[in-house]
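Source file: work-v1.pdb (PDB, C-alpha atoms)
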```
ATOM      1  CA  MET A1080       0.000   0.000   0.000  1.00  0.00           C
ATOM      2  CA  LYS A1081       1.308   3.382  -1.005  1.00  0.00           C
ATOM      3  CA  TYR A1082       1.065   6.419   1.319  1.00  0.00           C
ATOM      4  CA  LYS A1083      -1.169   9.230   0.116  1.00  0.00           C
ATOM      5  CA  GLY A1084      -0.761  12.666   1.658  1.00  0.00           C
ATOM      6  CA  PRO A1085      -3.670  14.830   2.777  1.00  0.00           C
ATOM      7  CA  LYS A1086      -6.116  15.530   0.006  1.00  0.00           C
ATOM      8  CA  TYR A1087      -5.924  19.347   0.093  1.00  0.00           C
ATOM      9  CA  PHE A1088      -2.294  19.819   1.210  1.00  0.00           C
ATOM     10  CA  TYR A1089      -1.189  21.885  -1.830  1.00  0.00           C
ATOM     11  CA  PHE A1090      -4.350  23.980  -1.718  1.00  0.00           C
ATOM     12  CA  TYR A1091      -3.684  24.891   1.950  1.00  0.00           C
ATOM     13  CA  LEU A1092      -0.015  25.560   1.179  1.00  0.00           C
ATOM     14  CA  ILE A1093      -0.926  27.998  -1.618  1.00  0.00           C
ATOM     15  CA  ILE A1094      -3.450  29.816   0.597  1.00  0.00           C
ATOM     16  CA  PHE A1095      -0.876  30.060   3.422  1.00  0.00           C
ATOM     17  CA  VAL A1096       1.806  31.496   1.081  1.00  0.00           C
ATOM     18  CA  PHE A1097      -0.716  33.969  -0.365  1.00  0.00           C
ATOM     19  CA  PHE A1098      -1.715  35.345   3.050  1.00  0.00           C
ATOM     20  CA  LEU A1099       1.908  35.416   4.229  1.00  0.00           C
ATOM     21  CA  THR A1100       2.859  37.472   1.158  1.00  0.00           C
ATOM     22  CA  ILE A1101       0.004  39.927   1.734  1.00  0.00           C
ATOM     23  CA  PHE A1102       0.958  40.295   5.414  1.00  0.00           C
ATOM     24  CA  VAL A1103       4.647  40.951   4.645  1.00  0.00           C
ATOM     25  CA  PHE A1104       4.035  43.502   1.891  1.00  0.00           C
ATOM     26  CA  GLN A1105       1.337  45.279   3.872  1.00  0.00           C
ATOM     27  CA  ASN A1106       3.779  46.068   6.693  1.00  0.00           C
ATOM     28  CA  VAL A1107       6.760  46.960   4.469  1.00  0.00           C
ATOM     29  CA  ALA A1108       5.241  49.384   1.965  1.00  0.00           C
ATOM     30  CA  PRO A1109       4.508  52.870   3.363  1.00  0.00           C
ATOM     31  CA  ASN A1110       1.299  54.621   2.445  1.00  0.00           C
ATOM     32  CA  GLN A1111       2.018  57.130  -0.285  1.00  0.00           C
ATOM     33  CA  ILE A1112      -0.063  60.282  -0.655  1.00  0.00           C
ATOM     34  CA  ALA A1113       0.430  62.229  -3.899  1.00  0.00           C
ATOM     35  CA  LEU A1114      -0.512  65.810  -3.052  1.00  0.00           C
ATOM     36  CA  GLY A1115      -0.047  67.365  -6.496  1.00  0.00           C
ATOM     37  CA  SER A1116       1.865  70.417  -7.707  1.00  0.00           C
ATOM     38  CA  TYR A1117       2.253  73.644  -5.728  1.00  0.00           C
ATOM     39  CA  THR A1118       3.557  76.982  -6.987  1.00  0.00           C
ATOM     40  CA  ILE A1119       5.515  79.306  -4.709  1.00  0.00           C
ATOM     41  CA  LYS A1120       6.166  83.030  -5.059  1.00  0.00           C
ATOM     42  CA  ASP A1121       9.479  84.423  -6.245  1.00  0.00           C
ATOM     43  CA  GLU A1122      11.532  86.590  -3.825  1.00  0.00           C
ATOM     44  CA  THR A1123       8.997  86.408  -0.956  1.00  0.00           C
ATOM     45  CA  ASN A1124       7.752  84.014   1.713  1.00  0.00           C
ATOM     46  CA  SER A1125       5.284  81.355   0.625  1.00  0.00           C
ATOM     47  CA  LYS A1126       3.373  78.853   2.702  1.00  0.00           C
ATOM     48  CA  ILE A1127       1.957  75.608   1.402  1.00  0.00           C
ATOM     49  CA  TYR A1128      -0.757  74.371   3.762  1.00  0.00           C
ATOM     50  CA  LEU A1129      -0.813  70.559   3.767  1.00  0.00           C
ATOM     51  CA  ASN A1130      -2.565  69.558   7.046  1.00  0.00           C
ATOM     52  CA  LEU A1131      -1.228  65.976   7.018  1.00  0.00           C
ATOM     53  CA  LEU A1132      -1.338  63.508   9.915  1.00  0.00           C
ATOM     54  CA  ASN A1133       1.289  60.881  10.858  1.00  0.00           C
ATOM     55  CA  ILE A1134       3.880  61.636   8.175  1.00  0.00           C
ATOM     56  CA  SER A1135       7.348  60.048   8.239  1.00  0.00           C
ATOM     57  CA  LYS A1136       8.863  61.641   5.099  1.00  0.00           C
ATOM     58  CA  ILE A1137       8.089  64.101   2.318  1.00  0.00           C
ATOM     59  CA  ASP A1138       9.362  64.179  -1.273  1.00  0.00           C
ATOM     60  CA  LEU A1139       9.689  67.545  -3.029  1.00  0.00           C
ATOM     61  CA  GLU A1140      10.165  67.052  -6.775  1.00  0.00           C
ATOM     62  CA  ILE A1141      11.155  70.154  -8.748  1.00  0.00           C
ATOM     63  CA  ASP A1142       8.760  70.782 -11.662  1.00  0.00           C
ATOM     64  CA  ASP A1143       9.543  74.349 -12.758  1.00  0.00           C
ATOM     65  CA  ILE A1144      11.925  77.216 -11.931  1.00  0.00           C
ATOM     66  CA  TYR A1145      11.992  81.009 -12.206  1.00  0.00           C
ATOM     67  CA  ILE A1146      14.778  81.773 -14.667  1.00  0.00           C
ATOM     68  CA  SER A1147      16.736  84.929 -13.900  1.00  0.00           C
ATOM     69  CA  ASN A1148      19.688  83.838 -16.034  1.00  0.00           C
ATOM     70  CA  GLN A1149      20.257  80.651 -18.050  1.00  0.00           C
ATOM     71  CA  GLU A1150      23.700  80.184 -16.468  1.00  0.00           C
ATOM     72  CA  ASN A1151      22.624  80.317 -12.811  1.00  0.00           C
ATOM     73  CA  PHE A1152      22.364  77.431 -10.391  1.00  0.00           C
ATOM     74  CA  CYS A1153      18.986  76.492  -8.884  1.00  0.00           C
ATOM     75  CA  SER A1154      18.255  77.216  -5.225  1.00  0.00           C
ATOM     76  CA  THR A1155      15.342  76.330  -2.966  1.00  0.00           C
ATOM     77  CA  GLY A1156      15.875  79.284  -0.672  1.00  0.00           C
ATOM     78  CA  ASP A1157      15.166  78.488   2.993  1.00  0.00           C
ATOM     79  CA  VAL A1158      12.644  75.699   3.630  1.00  0.00           C
ATOM     80  CA  TYR A1159      10.922  75.303   7.014  1.00  0.00           C
ATOM     81  CA  VAL A1160       8.503  72.573   8.127  1.00  0.00           C
ATOM     82  CA  PHE A1161       5.847  73.554  10.692  1.00  0.00           C
ATOM     83  CA  GLY A1162       3.515  71.164  12.451  1.00  0.00           C
ATOM     84  CA  THR A1163       2.736  69.360  15.665  1.00  0.00           C
ATOM     85  CA  LEU A1164       4.164  66.288  17.299  1.00  0.00           C
ATOM     86  CA  ARG A1165       1.754  63.430  17.908  1.00  0.00           C
ATOM     87  CA  ASN A1166       1.769  63.945  21.681  1.00  0.00           C
ATOM     88  CA  SER A1167       1.336  67.737  21.598  1.00  0.00           C
ATOM     89  CA  ASN A1168      -0.947  70.316  20.042  1.00  0.00           C
ATOM     90  CA  ASN A1169       1.593  73.160  19.986  1.00  0.00           C
ATOM     91  CA  LEU A1170       2.569  74.379  16.520  1.00  0.00           C
ATOM     92  CA  VAL A1171       6.375  74.186  16.243  1.00  0.00           C
ATOM     93  CA  ARG A1172       9.096  74.153  13.638  1.00  0.00           C
ATOM     94  CA  ILE A1173       9.850  70.470  13.067  1.00  0.00           C
ATOM     95  CA  ARG A1174      13.397  69.131  13.350  1.00  0.00           C
ATOM     96  CA  LEU A1175      14.605  67.112  10.375  1.00  0.00           C
ATOM     97  CA  GLN A1176      16.244  63.738  10.947  1.00  0.00           C
ATOM     98  CA  ASP A1177      17.829  63.489   7.513  1.00  0.00           C
ATOM     99  CA  VAL A1178      17.699  65.021   4.050  1.00  0.00           C
ATOM    100  CA  SER A1179      18.620  63.221   0.860  1.00  0.00           C
ATOM    101  CA  THR A1180      18.805  64.640  -2.623  1.00  0.00           C
ATOM    102  CA  GLU A1181      18.701  63.123  -6.048  1.00  0.00           C
ATOM    103  CA  GLY A1182      20.576  64.094  -9.174  1.00  0.00           C
ATOM    104  CA  ASN A1183      22.739  67.208  -9.129  1.00  0.00           C
ATOM    105  CA  LEU A1184      21.334  68.727  -5.911  1.00  0.00           C
ATOM    106  CA  LYS A1185      23.329  69.240  -2.712  1.00  0.00           C
ATOM    107  CA  VAL A1186      22.280  70.344   0.758  1.00  0.00           C
ATOM    108  CA  ASN A1187      24.050  73.480   2.018  1.00  0.00           C
ATOM    109  CA  SER A1188      25.307  73.017   5.606  1.00  0.00           C
ATOM    110  CA  LYS A1189      23.625  69.642   6.072  1.00  0.00           C
ATOM    111  CA  ALA A1190      25.103  69.129   9.559  1.00  0.00           C
ATOM    112  CA  ALA A1191      23.509  72.351  10.814  1.00  0.00           C
ATOM    113  CA  THR A1192      20.181  71.557   9.131  1.00  0.00           C
ATOM    114  CA  ILE A1193      19.730  68.178  10.852  1.00  0.00           C
ATOM    115  CA  GLU A1194      21.346  69.125  14.200  1.00  0.00           C
ATOM    116  CA  PRO A1195      19.932  66.517  16.643  1.00  0.00           C
ATOM    117  CA  THR A1196      20.545  68.339  19.928  1.00  0.00           C
ATOM    118  CA  ARG A1197      18.271  71.031  21.278  1.00  0.00           C
ATOM    119  CA  ASN A1198      21.179  73.198  22.498  1.00  0.00           C
ATOM    120  CA  TYR A1199      22.157  74.575  19.110  1.00  0.00           C
ATOM    121  CA  GLU A1200      20.264  76.616  16.565  1.00  0.00           C
ATOM    122  CA  GLN A1201      18.796  74.562  13.770  1.00  0.00           C
ATOM    123  CA  PHE A1202      19.292  76.138  10.365  1.00  0.00           C
ATOM    124  CA  PRO A1203      16.639  75.927   7.634  1.00  0.00           C
ATOM    125  CA  LEU A1204      16.925  73.477   4.768  1.00  0.00           C
ATOM    126  CA  ASN A1205      18.709  75.081   1.819  1.00  0.00           C
ATOM    127  CA  VAL A1206      19.454  73.085  -1.346  1.00  0.00           C
ATOM    128  CA  THR A1207      21.462  74.241  -4.372  1.00  0.00           C
ATOM    129  CA  SER A1208      22.086  72.495  -7.678  1.00  0.00           C
ATOM    130  CA  SER A1209      25.561  71.740  -8.945  1.00  0.00           C
ATOM    131  CA  SER A1210      24.559  72.291 -12.580  1.00  0.00           C
ATOM    132  CA  PHE A1211      22.286  74.671 -14.463  1.00  0.00           C
ATOM    133  CA  ASP A1212      19.456  72.141 -14.815  1.00  0.00           C
ATOM    134  CA  CYS A1213      17.606  71.005 -11.688  1.00  0.00           C
ATOM    135  CA  LEU A1214      14.227  69.975 -13.095  1.00  0.00           C
ATOM    136  CA  GLU A1215      12.818  66.541 -12.189  1.00  0.00           C
ATOM    137  CA  ASN A1216      15.215  66.201  -9.217  1.00  0.00           C
ATOM    138  CA  THR A1217      13.858  65.209  -5.806  1.00  0.00           C
ATOM    139  CA  ILE A1218      14.539  66.374  -2.254  1.00  0.00           C
ATOM    140  CA  THR A1219      13.471  63.870   0.429  1.00  0.00           C
ATOM    141  CA  ILE A1220      12.936  65.104   4.003  1.00  0.00           C
ATOM    142  CA  TYR A1221      12.904  62.473   6.779  1.00  0.00           C
ATOM    143  CA  PHE A1222      11.462  63.080  10.256  1.00  0.00           C
ATOM    144  CA  GLU A1223      12.479  61.495  13.586  1.00  0.00           C
ATOM    145  CA  GLU A1224       8.984  60.194  14.238  1.00  0.00           C
ATOM    146  CA  LYS A1225       5.599  60.342  12.584  1.00  0.00           C
ATOM    147  CA  ILE A1226       4.457  63.953  12.827  1.00  0.00           C
ATOM    148  CA  ASN A1227       1.530  66.122  11.800  1.00  0.00           C
ATOM    149  CA  VAL A1228       2.621  68.590   9.118  1.00  0.00           C
ATOM    150  CA  ARG A1229       0.600  71.803   9.079  1.00  0.00           C
ATOM    151  CA  TYR A1230       2.488  73.702   6.367  1.00  0.00           C
ATOM    152  CA  LEU A1231       5.801  74.154   4.538  1.00  0.00           C
ATOM    153  CA  GLU A1232       7.287  77.643   4.413  1.00  0.00           C
ATOM    154  CA  PHE A1233       9.606  78.722   1.590  1.00  0.00           C
ATOM    155  CA  ASP A1234      11.670  81.896   2.059  1.00  0.00           C
ATOM    156  CA  ASN A1235      13.165  83.034  -1.254  1.00  0.00           C
ATOM    157  CA  SER A1236      14.057  86.546  -0.060  1.00  0.00           C
ATOM    158  CA  LYS A1237      17.676  85.561   0.695  1.00  0.00           C
ATOM    159  CA  ALA A1238      18.217  83.602  -2.519  1.00  0.00           C
ATOM    160  CA  GLY A1239      19.497  86.610  -4.453  1.00  0.00           C
ATOM    161  CA  LYS A1240      19.701  87.383  -8.129  1.00  0.00           C
ATOM    162  CA  ASN A1241      22.581  84.980  -8.827  1.00  0.00           C
ATOM    163  CA  THR A1242      20.384  81.862  -8.514  1.00  0.00           C
ATOM    164  CA  ASN A1243      17.277  80.573 -10.230  1.00  0.00           C
ATOM    165  CA  THR A1244      14.623  79.959  -7.584  1.00  0.00           C
ATOM    166  CA  ILE A1245      12.183  77.091  -7.763  1.00  0.00           C
ATOM    167  CA  LYS A1246       8.680  77.895  -8.954  1.00  0.00           C
ATOM    168  CA  THR A1247       6.736  74.607  -8.716  1.00  0.00           C
ATOM    169  CA  TYR A1248       7.111  71.513  -6.532  1.00  0.00           C
ATOM    170  CA  ARG A1249       5.312  68.193  -6.868  1.00  0.00           C
ATOM    171  CA  ILE A1250       4.835  66.969  -3.287  1.00  0.00           C
ATOM    172  CA  THR A1251       4.417  63.378  -2.112  1.00  0.00           C
ATOM    173  CA  ALA A1252       4.021  62.406   1.567  1.00  0.00           C
ATOM    174  CA  TYR A1253       4.582  59.002   3.168  1.00  0.00           C
ATOM    175  CA  SER A1254       3.046  57.714   6.369  1.00  0.00           C
TER
END
```
Take the structure in this file and express it as structure tokens.
Amino acid sequence: MKYKGPKYFYFYLIIFVFFLTIFVFQNVAPNQIALGSYTIKDETNSKIYLNLLNISKIDLEIDDIYISNQENFCSTGDVYVFGTLRNSNNLVRIRLQDVSTEGNLKVNSKAATIEPTRNYEQFPLNVTSSSFDCLENTITIYFEEKINVRYLEFDNSKAGKNTNTIKTYRITAYS
């Protein structure tokens, strides 16, 4: 007599692998929220009100720039993130854990921008391109914990006439 395994063994195995795959990918992939394109003013302060809850990182993709001269580098000006921590309702300027850039962008004074201690002044995020073309490049801002982002403030008043400031960002948030 020959041994026969359980009748539905392979069926149960396939179902188990299916649910295991769903469980693993559900916990690994962050929720992505495409917020669309936002235009900021040239040479003044601009605020982009987002009102997002439990955000761990934000992508700022450069869509368009104000061109003052074709042979100028691109600059974001000063970027501030304002919001609340999950355990508080006070509106504060949020500390950045890390900033990464893509393409030909570089963060000016990165160590001062992501200063982890509370004893020193935290400088705003300021990114400059290393070539004359900065379109379609992305700036990713990481936070220490999941926070509530009220708005992003862009200060282009200090950018000067020797840089092309950024006109439009495509913003994506991750929870």
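Take CA of Ile1134 in chain A and CA of Glu1224 in chain A: the distance between them is 8.1 Å.
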### Task
Evaluate the PyMOL selection byres ((chain A and resi 1229) around 7) on the structure here and hand back the selected residues as a PyMOL selection string.
chain A and resi 1128-1131+1161-1162+1227-1228+1230
### Task
For CA of Thr1219 in chain A and CA of Ser1135 in chain A, quote the distance in Å rounded to one decimal.
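Separation between CA of Thr1219 in chain A and CA of Ser1135 in chain A: 10.6 Å.
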### Query
What gap, in Å, lies between CA of Asp1157 in chain A and CA of Ile1226 in chain A?
20.6 Å
### Query
Using the chain letters and numbers from the file, which residues does the PyMOL selection byres ((chain A and resi 1203) around 6) grab, as a count of residues only?
6
### Task
List the residues selected by the PyMOL selection byres ((chain A and resi 1187) around 12) in the file shown, writing them as a list in words.
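Listing what the PyMOL selection byres ((chain A and resi 1187) around 12) selects in the shown file: Ser1154, Thr1155, Gly1156, Asp1157, Val1158, Val1178, Ser1179, Thr1180, Leu1184, Lys1185, Val1186, Ser1188, Lys1189, Ala1190, Ala1191, Thr1192, Ile1193, Phe1202, Pro1203, Leu1204, Asn1205, Val1206, Thr1207, Ser1208 and Ser1209 of chain A.
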Could those selected residues go to a file with C-alpha atoms, as a short mmCIF file (atom, residue, chain, number, x, y, z; two decimals), keeping the file's coordinate frame?
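That gives us again-v8.cif:
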```cif
data_model
loop_
_atom_site.label_atom_id
_atom_site.label_comp_id
_atom_site.auth_asym_id
_atom_site.auth_seq_id
_atom_site.Cartn_x
_atom_site.Cartn_y
_atom_site.Cartn_z
CA SER A 1154 18.26 77.22 -5.22
CA THR A 1155 15.34 76.33 -2.97
CA GLY A 1156 15.88 79.28 -0.67
CA ASP A 1157 15.17 78.49 2.99
CA VAL A 1158 12.64 75.70 3.63
CA VAL A 1178 17.70 65.02 4.05
CA SER A 1179 18.62 63.22 0.86
CA THR A 1180 18.80 64.64 -2.62
CA LEU A 1184 21.33 68.73 -5.91
CA LYS A 1185 23.33 69.24 -2.71
CA VAL A 1186 22.28 70.34 0.76
CA SER A 1188 25.31 73.02 5.61
CA LYS A 1189 23.62 69.64 6.07
CA ALA A 1190 25.10 69.13 9.56
CA ALA A 1191 23.51 72.35 10.81
CA THR A 1192 20.18 71.56 9.13
CA ILE A 1193 19.73 68.18 10.85
CA PHE A 1202 19.29 76.14 10.36
CA PRO A 1203 16.64 75.93 7.63
CA LEU A 1204 16.92 73.48 4.77
CA ASN A 1205 18.71 75.08 1.82
CA VAL A 1206 19.45 73.08 -1.35
CA THR A 1207 21.46 74.24 -4.37
CA SER A 1208 22.09 72.50 -7.68
CA SER A 1209 25.56 71.74 -8.94
#
```
#### Entry: Close residues, Glu1181 in chain A itself excluded, 7 Å, all atoms listed in the file, min 3 positions apart in chain, as a list in words
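Residues meeting the cut-off are Leu1184, Asn1216, Thr1217 and Ile1218 of chain A.
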### Task
Considering all atoms listed in the file, return as a VMD selection string whatever protein or nucleic-acid residues lie within 7 Å of Ile1144 in chain A, sequence-local ones (same chain, fewer than 3 positions apart) excluded.
chain A and resid 1243 to 1247
### Given all atoms listed in the file as the counted atoms, nearest of A:Glu1215, A:Asp1234, A:Glu1122, A:Asp1143 to Gly1182 in chain A
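Looking only at the distances to Gly1182 in chain A, the closest residue turns out to be A:Glu1215.
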### Task
Return the single residue from A:Gln1176, A:Asn1169, A:Asn1183, A:Asn1133 that is closest to Gln1111 in chain A, with distances computed using all atoms listed in the file.
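The closest residue to Gln1111 in chain A is A:Asn1133.
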### Query
Using all atoms listed in the file, which of the listed residues (A:Gln1149, A:Asn1168, A:Asn1110, A:Ser1125) sits closest to Glu1232 in chain A?
A:Ser1125
Which centre and edge lengths in Å to one decimal define the box along x, y and z that fits every listed atom of range 1214-1223 of chain A plus 4 Å per side, as lines of an AutoDock Vina configuration file?
```
center_x = 13.3
center_y = 65.7
center_z = 0.2
size_x = 11.8
size_y = 16.5
size_z = 34.7
```
### Task
Check the smallest atom-to-atom distance from each of A:Arg1249, A:Ile1146, A:Ser1236, A:Asn1166 to Phe1211 in chain A using all atoms listed in the file, then report the winner.
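Residue with the minimum atom-to-atom distance to Phe1211 in chain A: A:Ile1146.
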### Message
So, with all atoms listed in the file as the atoms that count, which of A:Phe1095, A:Tyr1117, A:Tyr1221, A:Tyr1082 lies closest to Tyr1253 in chain A?
### Response
A:Tyr1221
### Query
Using all atoms listed in the file, which of the listed residues (A:Phe1097, A:Phe1233, A:Phe1222, A:Tyr1089) sits closest to Tyr1248 in chain A?
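Under the stated criterion, the closest residue is A:Phe1233.
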How would range 1146-1160 of chain A look with N, CA, C and O atoms restored, written as an mmCIF file, in the frame of the given file?
```cif
data_model
loop_
_atom_site.group_PDB
_atom_site.id
_atom_site.type_symbol
_atom_site.label_atom_id
_atom_site.label_comp_id
_atom_site.auth_asym_id
_atom_site.auth_seq_id
_atom_site.Cartn_x
_atom_site.Cartn_y
_atom_site.Cartn_z
ATOM 1 N N ILE A 1146 13.471 81.617 -14.020
ATOM 2 C CA ILE A 1146 14.778 81.773 -14.667
ATOM 3 C C ILE A 1146 15.165 83.238 -14.670
ATOM 4 O O ILE A 1146 14.545 84.061 -15.346
ATOM 5 N N SER A 1147 16.213 83.565 -13.880
ATOM 6 C CA SER A 1147 16.736 84.929 -13.900
ATOM 7 C C SER A 1147 17.900 85.026 -14.888
ATOM 8 O O SER A 1147 18.151 86.064 -15.444
ATOM 9 N N ASN A 1148 18.596 83.914 -15.082
ATOM 10 C CA ASN A 1148 19.688 83.838 -16.034
ATOM 11 C C ASN A 1148 19.870 82.366 -16.377
ATOM 12 O O ASN A 1148 19.825 81.506 -15.503
ATOM 13 N N GLN A 1149 20.103 82.052 -17.637
ATOM 14 C CA GLN A 1149 20.257 80.651 -18.050
ATOM 15 C C GLN A 1149 21.467 79.989 -17.409
ATOM 16 O O GLN A 1149 21.506 78.783 -17.255
ATOM 17 N N GLU A 1150 22.477 80.762 -17.019
ATOM 18 C CA GLU A 1150 23.700 80.184 -16.468
ATOM 19 C C GLU A 1150 23.778 80.363 -14.959
ATOM 20 O O GLU A 1150 24.857 80.583 -14.415
ATOM 21 N N ASN A 1151 22.662 80.272 -14.271
ATOM 22 C CA ASN A 1151 22.624 80.317 -12.811
ATOM 23 C C ASN A 1151 22.256 78.946 -12.264
ATOM 24 O O ASN A 1151 21.532 78.187 -12.899
ATOM 25 N N PHE A 1152 22.742 78.656 -11.075
ATOM 26 C CA PHE A 1152 22.364 77.431 -10.391
ATOM 27 C C PHE A 1152 20.966 77.595 -9.802
ATOM 28 O O PHE A 1152 20.497 78.698 -9.579
ATOM 29 N N CYS A 1153 20.310 76.474 -9.510
ATOM 30 C CA CYS A 1153 18.986 76.492 -8.884
ATOM 31 C C CYS A 1153 19.152 76.509 -7.374
ATOM 32 O O CYS A 1153 20.074 75.913 -6.830
ATOM 33 N N SER A 1154 18.232 77.171 -6.684
ATOM 34 C CA SER A 1154 18.255 77.216 -5.225
ATOM 35 C C SER A 1154 16.836 77.152 -4.689
ATOM 36 O O SER A 1154 15.930 77.761 -5.254
ATOM 37 N N THR A 1155 16.667 76.431 -3.587
ATOM 38 C CA THR A 1155 15.342 76.330 -2.966
ATOM 39 C C THR A 1155 15.053 77.504 -2.057
ATOM 40 O O THR A 1155 13.919 77.694 -1.649
ATOM 41 N N GLY A 1156 16.061 78.286 -1.715
ATOM 42 C CA GLY A 1156 15.875 79.284 -0.672
ATOM 43 C C GLY A 1156 15.852 78.548 0.662
ATOM 44 O O GLY A 1156 16.352 77.441 0.790
ATOM 45 N N ASP A 1157 15.266 79.131 1.683
ATOM 46 C CA ASP A 1157 15.166 78.488 2.993
ATOM 47 C C ASP A 1157 13.820 77.778 3.097
ATOM 48 O O ASP A 1157 12.777 78.379 2.849
ATOM 49 N N VAL A 1158 13.858 76.503 3.499
ATOM 50 C CA VAL A 1158 12.644 75.699 3.630
ATOM 51 C C VAL A 1158 12.464 75.339 5.098
ATOM 52 O O VAL A 1158 13.374 74.823 5.743
ATOM 53 N N TYR A 1159 11.280 75.625 5.631
ATOM 54 C CA TYR A 1159 10.922 75.303 7.014
ATOM 55 C C TYR A 1159 9.708 74.384 6.999
ATOM 56 O O TYR A 1159 8.820 74.541 6.169
ATOM 57 N N VAL A 1160 9.654 73.457 7.960
ATOM 58 C CA VAL A 1160 8.503 72.573 8.127
ATOM 59 C C VAL A 1160 7.862 72.897 9.474
ATOM 60 O O VAL A 1160 8.530 72.849 10.506
#
```
